[in-house]
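Beneath this line is the structure, given in structure tokens, with notes to follow.
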Amino acid sequence: MRLGKIGQRVLAILGNTVVAFLVLPILVVIPLSFTPGTVFDFPPDGLSLRWYQDFFGDERWISAAWLSIRLGVAVAITSTALGLLAAIALTRYIKKGAFLVRGLLVAPLIVPPIVTAVAVFDIYVRVGLLRTFPGLVVAHTILALPFAVLLIESALRAVDFGPFEAALSLGATNRRAWRMVVLPGITPALVASAVFSFLISWDEVVLVVFIGGARSQTLPLRMFEFIETQIRPTLAAVSSLIVYVIAAVLTIAYLRYRRSISSPDRT
């Protein structure tokens, strides 16, 4: 028993160390974004919003950020909807060949992004989707869909379908039974799928380079091009804003999750 407690403490220390190793370099960017000087200086000599003003006063930065937000939301909705349909098919309707179908759906996880980008570029040239917003949504959905399928399928396999079958026997339509009985139970998985899909789209650069074009410059691509020409604390301000957005998305997802697991107790 004593060895078990020691092991738990060691595991907790190692886990906290890994988390600190991953998070602290990101948090260092935030103080850098408030530096009043024209170079990166840590710790900063003072506090200034100069570089945030530089970001919000530049139309190219705002345009890139707005495109990334619209693209991320569209990908989150599309991949979650398609992932739900695919997960339902894999858990309820596809009996033979489910392993092969699942393998095809999650294949983008193991295929290098550059290979996917080249293949998508070749197809888009033929069908006319190159340098279009719908083309970006489809391409990013390809990368986000595996996460949605795995998350939602795992949640569906843990669902008790007894109430679902009872609802069907009492006259509910199949669509209504899914909407009223099953979907509320997998809401955390749906939220997690949307969050992961949004973040994957937000962070993607390779596909945008190949199929986006100059008018489809997302925020990560704009940051890479900015680094090639100049190094200013504006980059730290943009990076900090990305941290703020990700933190807000994760906080909202966590609050939704807490609300979903506590709602049965309130009823």
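Each chain of the structure tokens is named A, B, ... in the order shown, its residues numbered from 1; ligands are numbered from 1 in display order.
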Original post:
What's the 10 Å shell around Val209 of chain A, counting only C-alpha atoms, without same-chain residues fewer than 4 positions away, as a PyMOL selection string?
Top reply: chain A and resi 117+131+204-205+213-214+216-218+221
Subject >> Residues near Trp51 of chain A, cut-off 10 Å, only C-alpha atoms, skip fewer than 4 positions along chain, as a ChimeraX atom specification >> reply: /A:32-38,55-57,232-238
**OP:** Name all residues at most 8 Å from segment 136-153 of chain A (count only C-alpha atoms; drop same-chain ones fewer than 6 positions away) and give them as an NGL selection string.
**Re:** :A and (71 or 74-76 or 78-80 or 82-84 or 86-88 or 90-91 or 105-109 or 120 or 186 or 189-190 or 192-194 or 196-197 or 200-201 or 204 or 207-208 or 211-212)
Subject >> Neighbour list for Ile252 of chain A as number ranges by chain, cut-off 12 Å, only C-alpha atoms, skip fewer than 4 positions in-chain >> reply: A: 188, 191-192, 194-195, 245-248, 256-259
Kindly export the residues of the current selection with C-alpha atoms, as a PDB file, in the first residue's frame.
```pdb
ATOM      1  CA  PRO A 188     -19.429  15.630 -24.618  1.00  0.00           C
ATOM      2  CA  VAL A 191     -18.283  19.001 -28.299  1.00  0.00           C
ATOM      3  CA  ALA A 192     -14.814  17.422 -28.123  1.00  0.00           C
ATOM      4  CA  ALA A 194     -15.902  20.134 -32.724  1.00  0.00           C
ATOM      5  CA  VAL A 195     -13.105  21.544 -30.550  1.00  0.00           C
ATOM      6  CA  VAL A 245      -8.546  31.849 -28.358  1.00  0.00           C
ATOM      7  CA  ILE A 246      -7.521  28.254 -27.660  1.00  0.00           C
ATOM      8  CA  ALA A 247      -7.923  28.781 -23.923  1.00  0.00           C
ATOM      9  CA  ALA A 248     -11.399  30.256 -24.497  1.00  0.00           C
ATOM     10  CA  ARG A 256     -20.391  22.472 -21.672  1.00  0.00           C
ATOM     11  CA  TYR A 257     -19.060  19.104 -20.568  1.00  0.00           C
ATOM     12  CA  ARG A 258     -19.645  19.897 -16.905  1.00  0.00           C
ATOM     13  CA  ARG A 259     -23.162  21.046 -17.678  1.00  0.00           C
TER      14      ARG A 259
END
```
Original post:
How far is it from atom CA of Pro43 of chain A to atom CA of Ser240 of chain A, in Å with one decimal?
Top reply: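 Separating atom CA of Pro43 of chain A from atom CA of Ser240 of chain A is a distance of 15.5 Å.
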**OP:** If you run DSSP over the backbone, which residues in segment 160-235 of chain A end up helix (DSSP H, G or I)? Put them as a VMD selection string.
**Re:** chain A and resid 162 to 169 174 to 203 206 to 211 219 to 229 234 to 235
Subject >> Spatial neighbours of Ile231 of chain A, 12 Å, only C-alpha atoms, chain gap at least 6 places, as an NGL selection string >> reply: :A and (38-40 or 223-225)
Pull all heavy atoms from the residues just selected and write them as a PDB file, in the first residue's frame.
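Writing done, so here's again-v8.pdb:
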```
ATOM      1  N   THR A  38      11.248  47.290 -29.617  1.00  0.00           N
ATOM      2  CA  THR A  38      11.061  46.771 -30.965  1.00  0.00           C
ATOM      3  C   THR A  38      11.681  45.392 -31.150  1.00  0.00           C
ATOM      4  O   THR A  38      11.638  44.841 -32.250  1.00  0.00           O
ATOM      5  CB  THR A  38      11.677  47.732 -31.991  1.00  0.00           C
ATOM      6  OG1 THR A  38      13.063  47.918 -31.683  1.00  0.00           O
ATOM      7  CG2 THR A  38      10.967  49.074 -31.966  1.00  0.00           C
ATOM      8  N   VAL A  39      12.273  44.839 -30.094  1.00  0.00           N
ATOM      9  CA  VAL A  39      12.860  43.505 -30.154  1.00  0.00           C
ATOM     10  C   VAL A  39      12.298  42.681 -29.001  1.00  0.00           C
ATOM     11  O   VAL A  39      11.760  43.216 -28.029  1.00  0.00           O
ATOM     12  CB  VAL A  39      14.405  43.551 -30.072  1.00  0.00           C
ATOM     13  CG1 VAL A  39      14.971  44.271 -31.281  1.00  0.00           C
ATOM     14  CG2 VAL A  39      14.853  44.223 -28.788  1.00  0.00           C
ATOM     15  N   PHE A  40      12.441  41.369 -29.123  1.00  0.00           N
ATOM     16  CA  PHE A  40      11.993  40.489 -28.049  1.00  0.00           C
ATOM     17  C   PHE A  40      12.880  40.692 -26.818  1.00  0.00           C
ATOM     18  O   PHE A  40      14.107  40.592 -26.900  1.00  0.00           O
ATOM     19  CB  PHE A  40      12.055  39.028 -28.491  1.00  0.00           C
ATOM     20  CG  PHE A  40      11.052  38.696 -29.563  1.00  0.00           C
ATOM     21  CD1 PHE A  40      11.438  38.562 -30.877  1.00  0.00           C
ATOM     22  CD2 PHE A  40       9.712  38.519 -29.247  1.00  0.00           C
ATOM     23  CE1 PHE A  40      10.519  38.253 -31.857  1.00  0.00           C
ATOM     24  CE2 PHE A  40       8.782  38.217 -30.219  1.00  0.00           C
ATOM     25  CZ  PHE A  40       9.182  38.083 -31.532  1.00  0.00           C
ATOM     26  N   MET A 223       1.726  34.236 -40.326  1.00  0.00           N
ATOM     27  CA  MET A 223       2.802  34.279 -39.335  1.00  0.00           C
ATOM     28  C   MET A 223       4.099  33.747 -39.925  1.00  0.00           C
ATOM     29  O   MET A 223       5.180  34.327 -39.696  1.00  0.00           O
ATOM     30  CB  MET A 223       2.396  33.470 -38.105  1.00  0.00           C
ATOM     31  CG  MET A 223       1.244  34.067 -37.325  1.00  0.00           C
ATOM     32  SD  MET A 223       0.668  33.013 -35.976  1.00  0.00           S
ATOM     33  CE  MET A 223       2.087  33.086 -34.870  1.00  0.00           C
ATOM     34  N   PHE A 224       4.023  32.665 -40.681  1.00  0.00           N
ATOM     35  CA  PHE A 224       5.231  32.106 -41.296  1.00  0.00           C
ATOM     36  C   PHE A 224       5.834  33.089 -42.292  1.00  0.00           C
ATOM     37  O   PHE A 224       7.060  33.266 -42.343  1.00  0.00           O
ATOM     38  CB  PHE A 224       4.896  30.782 -41.978  1.00  0.00           C
ATOM     39  CG  PHE A 224       4.979  29.594 -41.068  1.00  0.00           C
ATOM     40  CD1 PHE A 224       3.842  29.051 -40.515  1.00  0.00           C
ATOM     41  CD2 PHE A 224       6.198  29.014 -40.761  1.00  0.00           C
ATOM     42  CE1 PHE A 224       3.904  27.955 -39.666  1.00  0.00           C
ATOM     43  CE2 PHE A 224       6.278  27.925 -39.911  1.00  0.00           C
ATOM     44  CZ  PHE A 224       5.124  27.401 -39.365  1.00  0.00           C
ATOM     45  N   GLU A 225       5.005  33.719 -43.089  1.00  0.00           N
ATOM     46  CA  GLU A 225       5.521  34.672 -44.060  1.00  0.00           C
ATOM     47  C   GLU A 225       6.088  35.917 -43.369  1.00  0.00           C
ATOM     48  O   GLU A 225       7.040  36.525 -43.853  1.00  0.00           O
ATOM     49  CB  GLU A 225       4.411  35.058 -45.033  1.00  0.00           C
ATOM     50  CG  GLU A 225       3.965  33.913 -45.932  1.00  0.00           C
ATOM     51  CD  GLU A 225       2.973  34.349 -46.982  1.00  0.00           C
ATOM     52  OE1 GLU A 225       2.532  35.522 -46.936  1.00  0.00           O
ATOM     53  OE2 GLU A 225       2.608  33.522 -47.832  1.00  0.00           O
TER      54      GLU A 225
END
```
